[in-house]
file data.pdb (PDB, C-alpha atoms, pLDDT in the B column)
ATOM      1  CA  MET E   1       0.000   0.000   0.000  1.00 85.00           C
ATOM      2  CA  CYS E   2       2.853   2.354   0.668  1.00 90.00           C
ATOM      3  CA  ILE E   3       4.270   1.402  -2.713  1.00 93.00           C
ATOM      4  CA  GLU E   4       1.012   2.602  -4.224  1.00 93.00           C
ATOM      5  CA  LEU E   5       1.368   5.846  -2.270  1.00 94.00           C
ATOM      6  CA  MET E   6       4.854   6.372  -3.683  1.00 94.00           C
ATOM      7  CA  LEU E   7       3.778   5.603  -7.234  1.00 95.00           C
ATOM      8  CA  ASN E   8       0.878   8.021  -6.917  1.00 95.00           C
ATOM      9  CA  SER E   9       3.179  10.746  -5.692  1.00 94.00           C
ATOM     10  CA  VAL E  10       5.362  10.164  -8.749  1.00 95.00           C
ATOM     11  CA  ASN E  11       2.251  10.384 -10.934  1.00 95.00           C
ATOM     12  CA  LEU E  12       1.316  13.694  -9.389  1.00 94.00           C
ATOM     13  CA  THR E  13       4.833  15.010  -9.953  1.00 92.00           C
ATOM     14  CA  PHE E  14       4.809  13.965 -13.594  1.00 92.00           C
ATOM     15  CA  LEU E  15       1.443  15.620 -14.189  1.00 91.00           C
ATOM     16  CA  ALA E  16       2.392  18.802 -12.385  1.00 88.00           C
ATOM     17  CA  PHE E  17       5.539  19.145 -14.457  1.00 85.00           C
ATOM     18  CA  ALA E  18       3.693  18.285 -17.654  1.00 85.00           C
ATOM     19  CA  LYS E  19       1.177  21.030 -17.037  1.00 83.00           C
ATOM     20  CA  TYR E  20       3.114  23.797 -15.355  1.00 80.00           C
ATOM     21  CA  ALA E  21       6.738  23.346 -16.377  1.00 75.00           C
ATOM     22  CA  PRO E  22       7.084  21.532 -19.690  1.00 73.00           C
ATOM     23  CA  PHE E  23      10.759  22.078 -20.309  1.00 69.00           C
ATOM     24  CA  ALA E  24      10.742  21.645 -24.021  1.00 67.00           C
ATOM     25  CA  SER E  25      10.572  23.723 -27.150  1.00 66.00           C
ATOM     26  CA  ASP E  26       7.335  21.983 -28.046  1.00 68.00           C
ATOM     27  CA  THR E  27       5.144  22.306 -24.976  1.00 66.00           C
ATOM     28  CA  ALA E  28       2.366  20.196 -26.424  1.00 70.00           C
ATOM     29  CA  GLN E  29       4.665  17.251 -26.836  1.00 75.00           C
ATOM     30  CA  ALA E  30       6.117  17.653 -23.373  1.00 75.00           C
ATOM     31  CA  ALA E  31       2.658  17.764 -21.851  1.00 78.00           C
ATOM     32  CA  GLN E  32       1.720  14.624 -23.721  1.00 81.00           C
ATOM     33  CA  THR E  33       4.895  12.869 -22.604  1.00 84.00           C
ATOM     34  CA  GLY E  34       4.114  13.543 -18.960  1.00 86.00           C
ATOM     35  CA  GLN E  35       0.649  12.075 -19.232  1.00 88.00           C
ATOM     36  CA  ILE E  36       1.868   9.028 -21.166  1.00 90.00           C
ATOM     37  CA  MET E  37       4.411   8.422 -18.417  1.00 91.00           C
ATOM     38  CA  VAL E  38       1.607   8.519 -15.855  1.00 93.00           C
ATOM     39  CA  ILE E  39      -0.324   5.911 -17.817  1.00 92.00           C
ATOM     40  CA  PHE E  40       2.675   3.602 -17.927  1.00 93.00           C
ATOM     41  CA  VAL E  41       3.311   4.024 -14.214  1.00 95.00           C
ATOM     42  CA  MET E  42      -0.304   3.045 -13.571  1.00 94.00           C
ATOM     43  CA  ALA E  43       0.040  -0.045 -15.772  1.00 94.00           C
ATOM     44  CA  VAL E  44       3.227  -1.161 -14.053  1.00 95.00           C
ATOM     45  CA  ALA E  45       1.692  -0.543 -10.624  1.00 94.00           C
ATOM     46  CA  ALA E  46      -1.281  -2.718 -11.486  1.00 93.00           C
ATOM     47  CA  ALA E  47       0.917  -5.587 -12.694  1.00 94.00           C
ATOM     48  CA  GLU E  48       3.165  -5.304  -9.659  1.00 93.00           C
ATOM     49  CA  VAL E  49       0.244  -5.337  -7.242  1.00 93.00           C
ATOM     50  CA  ALA E  50      -1.159  -8.481  -8.817  1.00 92.00           C
ATOM     51  CA  VAL E  51       2.126 -10.341  -8.638  1.00 93.00           C
ATOM     52  CA  GLY E  52       2.979  -9.079  -5.144  1.00 91.00           C
ATOM     53  CA  LEU E  53      -0.358 -10.078  -3.670  1.00 90.00           C
ATOM     54  CA  GLY E  54      -0.051 -13.464  -5.376  1.00 90.00           C
ATOM     55  CA  ILE E  55       3.292 -13.936  -3.641  1.00 89.00           C
ATOM     56  CA  ILE E  56       1.716 -13.071  -0.295  1.00 86.00           C
ATOM     57  CA  MET E  57      -1.050 -15.598  -0.859  1.00 85.00           C
ATOM     58  CA  ALA E  58       1.476 -18.281  -1.761  1.00 85.00           C
ATOM     59  CA  ILE E  59       3.440 -17.575   1.435  1.00 84.00           C
ATOM     60  CA  LEU E  60       0.234 -17.702   3.465  1.00 82.00           C
ATOM     61  CA  ARG E  61      -0.659 -21.063   2.031  1.00 81.00           C
ATOM     62  CA  LEU E  62       2.821 -22.410   2.731  1.00 80.00           C
ATOM     63  CA  ARG E  63       3.315 -21.262   6.285  1.00 79.00           C
ATOM     64  CA  ASN E  64      -0.151 -20.309   7.493  1.00 76.00           C
ATOM     65  CA  GLN E  65       1.176 -17.025   8.808  1.00 72.00           C
ATOM     66  CA  VAL E  66       2.477 -13.872   7.182  1.00 69.00           C
ATOM     67  CA  ASP E  67       4.903 -12.671   9.795  1.00 72.00           C
ATOM     68  CA  VAL E  68       7.648 -10.991   7.811  1.00 73.00           C
ATOM     69  CA  ASP E  69      10.144 -11.131  10.671  1.00 73.00           C
ATOM     70  CA  ASP E  70      10.125 -14.918  10.546  1.00 73.00           C
ATOM     71  CA  MET E  71      11.042 -15.009   6.888  1.00 75.00           C
ATOM     72  CA  SER E  72      14.552 -13.755   7.229  1.00 75.00           C
ATOM     73  CA  THR E  73      16.300 -16.562   5.375  1.00 77.00           C
ATOM     74  CA  LEU E  74      15.939 -17.746   1.824  1.00 74.00           C
ATOM     75  CA  ARG E  75      15.114 -21.250   2.946  1.00 71.00           C
ATOM     76  CA  GLY E  76      11.556 -22.157   1.934  1.00 62.00           C
TER      77      GLY E  76
ATOM     78  CA  MET C   1     -11.134  29.899  -5.750  1.00 71.00           C
ATOM     79  CA  ASN C   2      -8.652  27.759  -7.603  1.00 76.00           C
ATOM     80  CA  ASP C   3      -5.994  28.269  -4.963  1.00 83.00           C
ATOM     81  CA  GLY C   4      -8.427  27.445  -2.202  1.00 87.00           C
ATOM     82  CA  ALA C   5      -9.440  24.236  -3.943  1.00 88.00           C
ATOM     83  CA  PHE C   6      -5.807  23.266  -4.351  1.00 90.00           C
ATOM     84  CA  TYR C   7      -5.016  23.883  -0.679  1.00 91.00           C
ATOM     85  CA  VAL C   8      -8.021  21.954   0.544  1.00 93.00           C
ATOM     86  CA  LEU C   9      -7.370  19.014  -1.772  1.00 93.00           C
ATOM     87  CA  SER C  10      -3.691  18.827  -0.936  1.00 93.00           C
ATOM     88  CA  ALA C  11      -4.397  18.971   2.784  1.00 94.00           C
ATOM     89  CA  LEU C  12      -6.887  16.119   2.398  1.00 95.00           C
ATOM     90  CA  ALA C  13      -4.402  14.121   0.338  1.00 95.00           C
ATOM     91  CA  VAL C  14      -1.646  14.557   2.903  1.00 92.00           C
ATOM     92  CA  LEU C  15      -3.941  13.703   5.807  1.00 94.00           C
ATOM     93  CA  SER C  16      -5.240  10.558   4.166  1.00 94.00           C
ATOM     94  CA  ALA C  17      -1.706   9.520   3.248  1.00 92.00           C
ATOM     95  CA  ILE C  18      -0.706   9.930   6.893  1.00 90.00           C
ATOM     96  CA  GLY C  19      -3.770   7.880   7.764  1.00 91.00           C
ATOM     97  CA  VAL C  20      -2.478   5.009   5.640  1.00 92.00           C
ATOM     98  CA  VAL C  21       0.607   4.754   7.795  1.00 87.00           C
ATOM     99  CA  ALA C  22      -0.965   5.707  11.106  1.00 85.00           C
ATOM    100  CA  TYR C  23      -3.715   3.085  11.239  1.00 86.00           C
ATOM    101  CA  GLY C  24      -1.339   0.273  12.074  1.00 77.00           C
ATOM    102  CA  ARG C  25      -3.708  -1.725  14.231  1.00 80.00           C
ATOM    103  CA  ASN C  26      -6.477  -1.861  11.699  1.00 85.00           C
ATOM    104  CA  PRO C  27      -5.379  -2.460   8.105  1.00 88.00           C
ATOM    105  CA  VAL C  28      -8.882  -2.024   6.708  1.00 91.00           C
ATOM    106  CA  TYR C  29      -8.935   1.587   7.979  1.00 92.00           C
ATOM    107  CA  SER C  30      -5.569   2.039   6.328  1.00 93.00           C
ATOM    108  CA  ALA C  31      -6.834   0.703   2.996  1.00 94.00           C
ATOM    109  CA  VAL C  32      -9.966   2.879   3.116  1.00 94.00           C
ATOM    110  CA  SER C  33      -7.785   5.892   3.849  1.00 95.00           C
ATOM    111  CA  LEU C  34      -5.736   5.018   0.789  1.00 95.00           C
ATOM    112  CA  VAL C  35      -8.881   4.817  -1.354  1.00 95.00           C
ATOM    113  CA  PHE C  36      -9.819   8.290  -0.147  1.00 95.00           C
ATOM    114  CA  ASN C  37      -6.337   9.469  -1.039  1.00 95.00           C
ATOM    115  CA  PHE C  38      -6.753   8.136  -4.571  1.00 96.00           C
ATOM    116  CA  PHE C  39     -10.049   9.963  -4.970  1.00 95.00           C
ATOM    117  CA  VAL C  40      -8.538  13.212  -3.739  1.00 95.00           C
ATOM    118  CA  LEU C  41      -5.642  12.778  -6.168  1.00 95.00           C
ATOM    119  CA  ALA C  42      -8.098  12.216  -9.005  1.00 95.00           C
ATOM    120  CA  MET C  43      -9.786  15.493  -8.040  1.00 94.00           C
ATOM    121  CA  LEU C  44      -6.388  17.176  -8.133  1.00 93.00           C
ATOM    122  CA  TYR C  45      -5.849  15.819 -11.634  1.00 93.00           C
ATOM    123  CA  PHE C  46      -9.196  17.304 -12.632  1.00 91.00           C
ATOM    124  CA  THR C  47      -8.228  20.720 -11.303  1.00 89.00           C
ATOM    125  CA  MET C  48      -5.102  20.524 -13.448  1.00 87.00           C
ATOM    126  CA  GLY C  49      -7.200  19.778 -16.503  1.00 86.00           C
ATOM    127  CA  ALA C  50      -6.108  16.189 -16.988  1.00 88.00           C
ATOM    128  CA  GLN C  51      -9.545  14.645 -17.408  1.00 89.00           C
ATOM    129  CA  PHE C  52      -8.533  11.339 -18.910  1.00 91.00           C
ATOM    130  CA  LEU C  53      -5.959  10.699 -16.211  1.00 92.00           C
ATOM    131  CA  GLY C  54      -8.384  11.574 -13.445  1.00 93.00           C
ATOM    132  CA  ILE C  55     -10.919   9.037 -14.632  1.00 93.00           C
ATOM    133  CA  THR C  56      -8.197   6.454 -15.262  1.00 93.00           C
ATOM    134  CA  GLN C  57      -6.837   7.025 -11.767  1.00 93.00           C
ATOM    135  CA  MET C  58     -10.236   6.374 -10.245  1.00 93.00           C
ATOM    136  CA  MET C  59     -10.866   3.287 -12.341  1.00 93.00           C
ATOM    137  CA  VAL C  60      -7.466   1.642 -12.084  1.00 92.00           C
ATOM    138  CA  TYR C  61      -6.328   2.563  -8.589  1.00 93.00           C
ATOM    139  CA  ALA C  62      -9.452   2.954  -6.535  1.00 91.00           C
ATOM    140  CA  GLY C  63     -11.473   0.515  -8.566  1.00 91.00           C
ATOM    141  CA  ALA C  64      -9.118  -2.357  -9.201  1.00 92.00           C
ATOM    142  CA  ILE C  65      -5.947  -2.185  -7.154  1.00 93.00           C
ATOM    143  CA  MET C  66      -7.562  -1.280  -3.866  1.00 93.00           C
ATOM    144  CA  VAL C  67     -10.225  -3.939  -4.319  1.00 93.00           C
ATOM    145  CA  LEU C  68      -7.384  -6.446  -4.700  1.00 92.00           C
ATOM    146  CA  PHE C  69      -5.741  -5.113  -1.563  1.00 92.00           C
ATOM    147  CA  LEU C  70      -8.951  -5.327   0.429  1.00 92.00           C
ATOM    148  CA  PHE C  71      -9.515  -8.903  -0.676  1.00 90.00           C
ATOM    149  CA  VAL C  72      -6.058  -9.924   0.455  1.00 89.00           C
ATOM    150  CA  ILE C  73      -6.369  -7.990   3.732  1.00 88.00           C
ATOM    151  CA  LEU C  74      -9.649  -9.692   4.554  1.00 88.00           C
ATOM    152  CA  ILE C  75      -8.188 -13.094   3.750  1.00 84.00           C
ATOM    153  CA  LEU C  76      -5.108 -12.351   5.823  1.00 80.00           C
ATOM    154  CA  LYS C  77      -7.166 -11.383   8.827  1.00 77.00           C
ATOM    155  CA  GLN C  78      -7.798 -15.064   9.369  1.00 69.00           C
ATOM    156  CA  ALA C  79      -4.108 -15.804   9.613  1.00 64.00           C
ATOM    157  CA  LYS C  80      -2.237 -15.558  12.844  1.00 58.00           C
ATOM    158  CA  ALA C  81      -0.641 -12.219  13.535  1.00 59.00           C
ATOM    159  CA  ARG C  82       1.955 -11.443  16.129  1.00 58.00           C
ATOM    160  CA  GLU C  83       1.508  -8.383  18.289  1.00 59.00           C
ATOM    161  CA  THR C  84       4.490  -6.078  18.025  1.00 58.00           C
ATOM    162  CA  GLU C  85       5.404  -3.678  20.760  1.00 56.00           C
ATOM    163  CA  LYS C  86       7.895  -1.571  18.838  1.00 58.00           C
ATOM    164  CA  ARG C  87       5.494   1.195  17.969  1.00 61.00           C
ATOM    165  CA  PRO C  88       6.955   4.407  19.521  1.00 64.00           C
ATOM    166  CA  ALA C  89      10.422   3.975  18.005  1.00 72.00           C
ATOM    167  CA  ILE C  90       9.039   3.402  14.530  1.00 74.00           C
ATOM    168  CA  ALA C  91       6.841   6.485  14.776  1.00 75.00           C
ATOM    169  CA  ALA C  92       9.813   8.645  15.793  1.00 81.00           C
ATOM    170  CA  TRP C  93      11.917   7.338  12.908  1.00 82.00           C
ATOM    171  CA  GLY C  94       9.113   7.893  10.425  1.00 80.00           C
ATOM    172  CA  LEU C  95       8.406  11.437  11.564  1.00 82.00           C
ATOM    173  CA  SER C  96      12.071  12.405  11.500  1.00 88.00           C
ATOM    174  CA  ILE C  97      12.584  11.007   8.002  1.00 89.00           C
ATOM    175  CA  ALA C  98       9.421  12.768   6.779  1.00 85.00           C
ATOM    176  CA  ALA C  99      10.621  16.053   8.292  1.00 90.00           C
ATOM    177  CA  ALA C 100      14.002  15.628   6.605  1.00 92.00           C
ATOM    178  CA  ALA C 101      12.325  14.986   3.247  1.00 88.00           C
ATOM    179  CA  LEU C 102      10.161  18.077   3.698  1.00 87.00           C
ATOM    180  CA  GLY C 103      13.253  20.127   4.468  1.00 90.00           C
ATOM    181  CA  LEU C 104      14.909  18.827   1.322  1.00 88.00           C
ATOM    182  CA  PHE C 105      11.891  19.833  -0.728  1.00 82.00           C
ATOM    183  CA  VAL C 106      11.909  23.322   0.751  1.00 84.00           C
ATOM    184  CA  ILE C 107      15.591  23.676  -0.101  1.00 84.00           C
ATOM    185  CA  ALA C 108      14.990  22.430  -3.639  1.00 79.00           C
ATOM    186  CA  LYS C 109      12.109  24.864  -4.089  1.00 77.00           C
ATOM    187  CA  SER C 110      14.218  27.808  -3.040  1.00 78.00           C
ATOM    188  CA  ALA C 111      16.846  26.910  -5.634  1.00 73.00           C
ATOM    189  CA  ASN C 112      14.842  28.895  -8.231  1.00 67.00           C
ATOM    190  CA  ILE C 113      15.546  27.027 -11.401  1.00 64.00           C
ATOM    191  CA  ALA C 114      15.037  29.386 -14.297  1.00 58.00           C
ATOM    192  CA  PHE C 115      12.290  28.511 -16.718  1.00 56.00           C
ATOM    193  CA  PRO C 116      13.605  28.649 -20.275  1.00 55.00           C
ATOM    194  CA  ASP C 117      10.434  30.111 -21.768  1.00 54.00           C
ATOM    195  CA  GLY C 118      10.217  33.160 -19.559  1.00 53.00           C
ATOM    196  CA  ALA C 119       6.858  33.814 -17.993  1.00 50.00           C
ATOM    197  CA  GLU C 120       4.497  32.175 -20.427  1.00 56.00           C
ATOM    198  CA  ILE C 121       4.228  28.554 -19.598  1.00 60.00           C
ATOM    199  CA  THR C 122       0.795  27.540 -20.686  1.00 64.00           C
ATOM    200  CA  ALA C 123      -0.359  24.061 -21.349  1.00 63.00           C
ATOM    201  CA  PRO C 124      -1.988  23.519 -24.753  1.00 68.00           C
ATOM    202  CA  GLU C 125      -5.757  23.438 -24.967  1.00 70.00           C
ATOM    203  CA  THR C 126      -5.813  19.749 -25.718  1.00 74.00           C
ATOM    204  CA  PHE C 127      -3.978  19.012 -22.516  1.00 79.00           C
ATOM    205  CA  GLY C 128      -5.918  16.266 -20.832  1.00 78.00           C
ATOM    206  CA  THR C 129      -8.191  15.056 -23.547  1.00 82.00           C
ATOM    207  CA  PRO C 130      -8.295  11.373 -24.449  1.00 84.00           C
ATOM    208  CA  GLN C 131      -7.764  12.264 -28.093  1.00 82.00           C
ATOM    209  CA  SER C 132      -4.336  13.733 -27.564  1.00 81.00           C
ATOM    210  CA  ILE C 133      -3.200  10.866 -25.347  1.00 82.00           C
ATOM    211  CA  GLY C 134      -4.793   8.234 -27.558  1.00 81.00           C
ATOM    212  CA  GLY C 135      -3.234   9.717 -30.645  1.00 79.00           C
ATOM    213  CA  ALA C 136       0.200   9.608 -29.086  1.00 72.00           C
ATOM    214  CA  LEU C 137      -0.243   6.196 -27.531  1.00 73.00           C
ATOM    215  CA  PHE C 138      -1.816   4.210 -30.247  1.00 71.00           C
ATOM    216  CA  PHE C 139      -0.610   5.624 -33.490  1.00 74.00           C
ATOM    217  CA  THR C 140       2.402   7.837 -33.468  1.00 81.00           C
ATOM    218  CA  GLU C 141       5.015   7.862 -30.784  1.00 82.00           C
ATOM    219  CA  TYR C 142       4.534   5.389 -27.993  1.00 86.00           C
ATOM    220  CA  VAL C 143       3.354   2.339 -29.880  1.00 89.00           C
ATOM    221  CA  TRP C 144       6.177   0.085 -28.705  1.00 90.00           C
ATOM    222  CA  PRO C 145       5.924   0.985 -25.008  1.00 90.00           C
ATOM    223  CA  PHE C 146       2.171   0.482 -25.261  1.00 91.00           C
ATOM    224  CA  ILE C 147       2.580  -3.001 -26.731  1.00 92.00           C
ATOM    225  CA  ILE C 148       5.228  -3.893 -24.165  1.00 94.00           C
ATOM    226  CA  ALA C 149       2.940  -2.664 -21.376  1.00 93.00           C
ATOM    227  CA  GLY C 150       0.259  -4.983 -22.719  1.00 94.00           C
ATOM    228  CA  VAL C 151       2.685  -7.894 -22.681  1.00 96.00           C
ATOM    229  CA  LEU C 152       3.682  -6.955 -19.136  1.00 95.00           C
ATOM    230  CA  LEU C 153       0.091  -6.938 -17.948  1.00 94.00           C
ATOM    231  CA  THR C 154      -0.540 -10.315 -19.559  1.00 95.00           C
ATOM    232  CA  LEU C 155       2.549 -11.630 -17.817  1.00 94.00           C
ATOM    233  CA  GLY C 156       1.214 -10.253 -14.549  1.00 93.00           C
ATOM    234  CA  VAL C 157      -2.082 -12.060 -14.988  1.00 92.00           C
ATOM    235  CA  VAL C 158      -0.419 -15.370 -15.870  1.00 93.00           C
ATOM    236  CA  ALA C 159       2.056 -15.023 -12.994  1.00 91.00           C
ATOM    237  CA  SER C 160      -0.598 -14.303 -10.397  1.00 88.00           C
ATOM    238  CA  ILE C 161      -2.649 -17.284 -11.542  1.00 89.00           C
ATOM    239  CA  LEU C 162       0.414 -19.526 -11.399  1.00 89.00           C
ATOM    240  CA  LEU C 163       1.250 -18.279  -7.916  1.00 86.00           C
ATOM    241  CA  ALA C 164      -2.224 -19.091  -6.708  1.00 80.00           C
ATOM    242  CA  LYS C 165      -2.337 -22.654  -7.929  1.00 82.00           C
ATOM    243  CA  ARG C 166      -1.720 -25.485  -5.519  1.00 75.00           C
ATOM    244  CA  ARG C 167      -0.244 -27.796  -8.073  1.00 73.00           C
ATOM    245  CA  ILE C 168       1.413 -26.417 -11.152  1.00 68.00           C
TER     246      ILE C 168
END
call {"tool": "encode", "arguments": {"input": "data.pdb", "output": "structure tokens"}}
result
Amino acid sequence: MCIELMLNSVNLTFLAFAKYAPFASDTAQAAQTGQIMVIFVMAVAAAEVAVGLGIIMAILRLRNQVDVDDMSTLRG
Amino acid sequence: MNDGAFYVLSALAVLSAIGVVAYGRNPVYSAVSLVFNFFVLAMLYFTMGAQFLGITQMMVYAGAIMVLFLFVILILKQAKARETEKRPAIAAWGLSIAAAALGLFVIAKSANIAFPDGAEITAPETFGTPQSIGGALFFTEYVWPFIIAGVLLTLGVVASILLAKRRI
């Protein structure tokens, strides 16, 4: 969830710079680039959430607990 | 009016983001606070004129990702959880790091980077419309990243199904 917070903050930064400070000779293209970047960040966040939550479910099924402090070694 | 809206929305966004971290005992409150944060961010995108991204933010983040999170949280509530007693130290660390980051932002803001265009930075009229984004995405410039993002999402779907199976 905090990863989603960080990705959203990056989205907001991209959009703010696309709208208010497009550092390019062609401001239309810079504005578009910022918004396209936001779309790709959203797509990657969605894929990463799916895979991450799948990993958590697999760990829950294996150990019947999701205490992160107990999973300090790579041994399964 | 516009400034007031921006201040109110940003204050709400910051408060709900703090609520995500602060509701440690109850993860459902934390997830609901994050949903509220996504809605406030979508409103901020609308005030900036990015209509397509505001709607996409609501659909993708608040509508899909947070639903996934809530499902997993409600399944995990049936698992055993260990009570931790390390709360005050973590709160002090978090607040100090957040204060340091805020100080860094203030320093960066006062650096006064010169805008190359002078005083007329205006976004084009077709700033947030789906047509401008769709035209760039689908047809002209970002075709390859779009296709690769599609492949990545398909990979994500296949991977999450494989992770959930008992017997591959």
call {"tool": "resolve_selection", "arguments": {"input": "data.pdb", "expression": "the PyMOL selection byres ((chain E and resi 18) around 8)", "output": "list of chain:residue names"}}
result
E:Phe14, E:Leu15, E:Ala16, E:Phe17, E:Lys19, E:Tyr20, E:Ala21, E:Pro22, E:Ala30, E:Ala31, E:Gln32, E:Thr33, E:Gly34, E:Gln35, C:Ala123
call {"tool": "atom_distance", "arguments": {"input": "data.pdb", "atom1": "atom CA of Val49 of chain E", "atom2": "atom CA of Thr13 of chain E"}}
result
21.0 Å
call {"tool": "residues_around", "arguments": {"input": "data.pdb", "residues": "Thr126 of chain C", "least_positions_apart": "2", "cutoff": "10 Å", "atoms": "only C-alpha atoms", "output": "PyMOL selection string"}}
result
(chain E and resi 28+31-32) or (chain C and resi 49-50+123-124+128-133)
call {"tool": "resolve_selection", "arguments": {"input": "data.pdb", "expression": "the PyMOL selection byres ((chain C and resi 41) around 12)", "output": "count of residues only"}}
result
43
call {"tool": "resolve_selection", "arguments": {"input": "data.pdb", "expression": "the PyMOL selection byres ((chain C and resi 66) around 10)", "output": "list in words"}}
result
Met1, Glu4, Ala46 and Val49 of chain E; Ala31, Val32, Leu34, Val35, Phe38, Val60, Tyr61, Ala62, Gly63, Ala64, Ile65, Val67, Leu68, Phe69, Leu70, Phe71 and Val72 of chain C
call {"tool": "residues_around", "arguments": {"input": "data.pdb", "residues": "segment 157-168 of chain C", "least_positions_apart": "5", "cutoff": "7 Å", "atoms": "all atoms listed in the file", "output": "list in words"}}
result
Ala50, Val51, Gly54, Ile55, Met57 and Ala58 of chain E
call {"tool": "atom_distance", "arguments": {"input": "data.pdb", "atom1": "atom CA of Val20 of chain C", "atom2": "atom CA of Leu74 of chain C"}}
result
16.4 Å
call {"tool": "closest_residue", "arguments": {"input": "data.pdb", "among": "C:Lys109, C:Ser96, C:Val21, C:Thr140", "to": "chain E", "atoms": "all atoms listed in the file"}}
result
C:Val21
call {"tool": "axis_aligned_box", "arguments": {"input": "data.pdb", "around": "segment 3-8 of chain E", "padding_each_side": "5 Å", "output": "AutoDock Vina command-line options"}}
result
--center_x 2.9 --center_y 4.7 --center_z -4.8 --size_x 14.0 --size_y 16.6 --size_z 15.0
call {"tool": "closest_residue", "arguments": {"input": "data.pdb", "among": "C:Leu137, C:Val143, C:Ala98, C:Ala92", "to": "chain E", "atoms": "only C-alpha atoms"}}
result
C:Leu137
call {"tool": "atom_distance", "arguments": {"input": "data.pdb", "atom1": "atom CA of Gln65 of chain E", "atom2": "atom CA of Gly156 of chain C"}}
result
24.3 Å
call {"tool": "decode", "arguments": {"input": "data.pdb", "residues": "segment 60-65 of chain C", "atoms": "all heavy atoms", "output": "PDB file, in the first residue's frame"}}
result
ATOM      1  N   VAL C  60      -8.541   2.617 -12.266  1.00  0.00           N
ATOM      2  CA  VAL C  60      -7.466   1.642 -12.084  1.00  0.00           C
ATOM      3  C   VAL C  60      -7.102   1.512 -10.618  1.00  0.00           C
ATOM      4  O   VAL C  60      -7.095   0.430 -10.052  1.00  0.00           O
ATOM      5  CB  VAL C  60      -6.236   2.058 -12.920  1.00  0.00           C
ATOM      6  CG1 VAL C  60      -5.047   1.239 -12.552  1.00  0.00           C
ATOM      7  CG2 VAL C  60      -6.555   1.916 -14.377  1.00  0.00           C
ATOM      8  N   TYR C  61      -6.821   2.661  -9.953  1.00  0.00           N
ATOM      9  CA  TYR C  61      -6.328   2.563  -8.589  1.00  0.00           C
ATOM     10  C   TYR C  61      -7.437   2.268  -7.606  1.00  0.00           C
ATOM     11  O   TYR C  61      -7.413   1.259  -6.918  1.00  0.00           O
ATOM     12  CB  TYR C  61      -5.621   3.863  -8.208  1.00  0.00           C
ATOM     13  CG  TYR C  61      -4.180   3.887  -8.587  1.00  0.00           C
ATOM     14  CD1 TYR C  61      -3.713   4.750  -9.547  1.00  0.00           C
ATOM     15  CD2 TYR C  61      -3.279   3.046  -7.966  1.00  0.00           C
ATOM     16  CE1 TYR C  61      -2.384   4.773  -9.884  1.00  0.00           C
ATOM     17  CE2 TYR C  61      -1.956   3.055  -8.303  1.00  0.00           C
ATOM     18  CZ  TYR C  61      -1.507   3.924  -9.265  1.00  0.00           C
ATOM     19  OH  TYR C  61      -0.202   3.947  -9.599  1.00  0.00           O
ATOM     20  N   ALA C  62      -8.420   3.152  -7.539  1.00  0.00           N
ATOM     21  CA  ALA C  62      -9.452   2.954  -6.535  1.00  0.00           C
ATOM     22  C   ALA C  62     -10.379   1.821  -6.894  1.00  0.00           C
ATOM     23  O   ALA C  62     -10.971   1.205  -6.020  1.00  0.00           O
ATOM     24  CB  ALA C  62     -10.253   4.239  -6.345  1.00  0.00           C
ATOM     25  N   GLY C  63     -10.506   1.512  -8.166  1.00  0.00           N
ATOM     26  CA  GLY C  63     -11.473   0.515  -8.566  1.00  0.00           C
ATOM     27  C   GLY C  63     -10.934  -0.879  -8.692  1.00  0.00           C
ATOM     28  O   GLY C  63     -11.658  -1.837  -8.539  1.00  0.00           O
ATOM     29  N   ALA C  64      -9.653  -1.021  -8.996  1.00  0.00           N
ATOM     30  CA  ALA C  64      -9.118  -2.357  -9.201  1.00  0.00           C
ATOM     31  C   ALA C  64      -8.067  -2.718  -8.160  1.00  0.00           C
ATOM     32  O   ALA C  64      -8.160  -3.753  -7.509  1.00  0.00           O
ATOM     33  CB  ALA C  64      -8.536  -2.469 -10.606  1.00  0.00           C
ATOM     34  N   ILE C  65      -7.086  -1.830  -8.010  1.00  0.00           N
ATOM     35  CA  ILE C  65      -5.947  -2.185  -7.154  1.00  0.00           C
ATOM     36  C   ILE C  65      -6.372  -2.237  -5.701  1.00  0.00           C
ATOM     37  O   ILE C  65      -6.005  -3.158  -4.950  1.00  0.00           O
ATOM     38  CB  ILE C  65      -4.801  -1.179  -7.392  1.00  0.00           C
ATOM     39  CG1 ILE C  65      -4.257  -1.365  -8.781  1.00  0.00           C
ATOM     40  CG2 ILE C  65      -3.735  -1.311  -6.357  1.00  0.00           C
ATOM     41  CD1 ILE C  65      -3.109  -0.473  -9.118  1.00  0.00           C
TER      42      ILE C  65
END
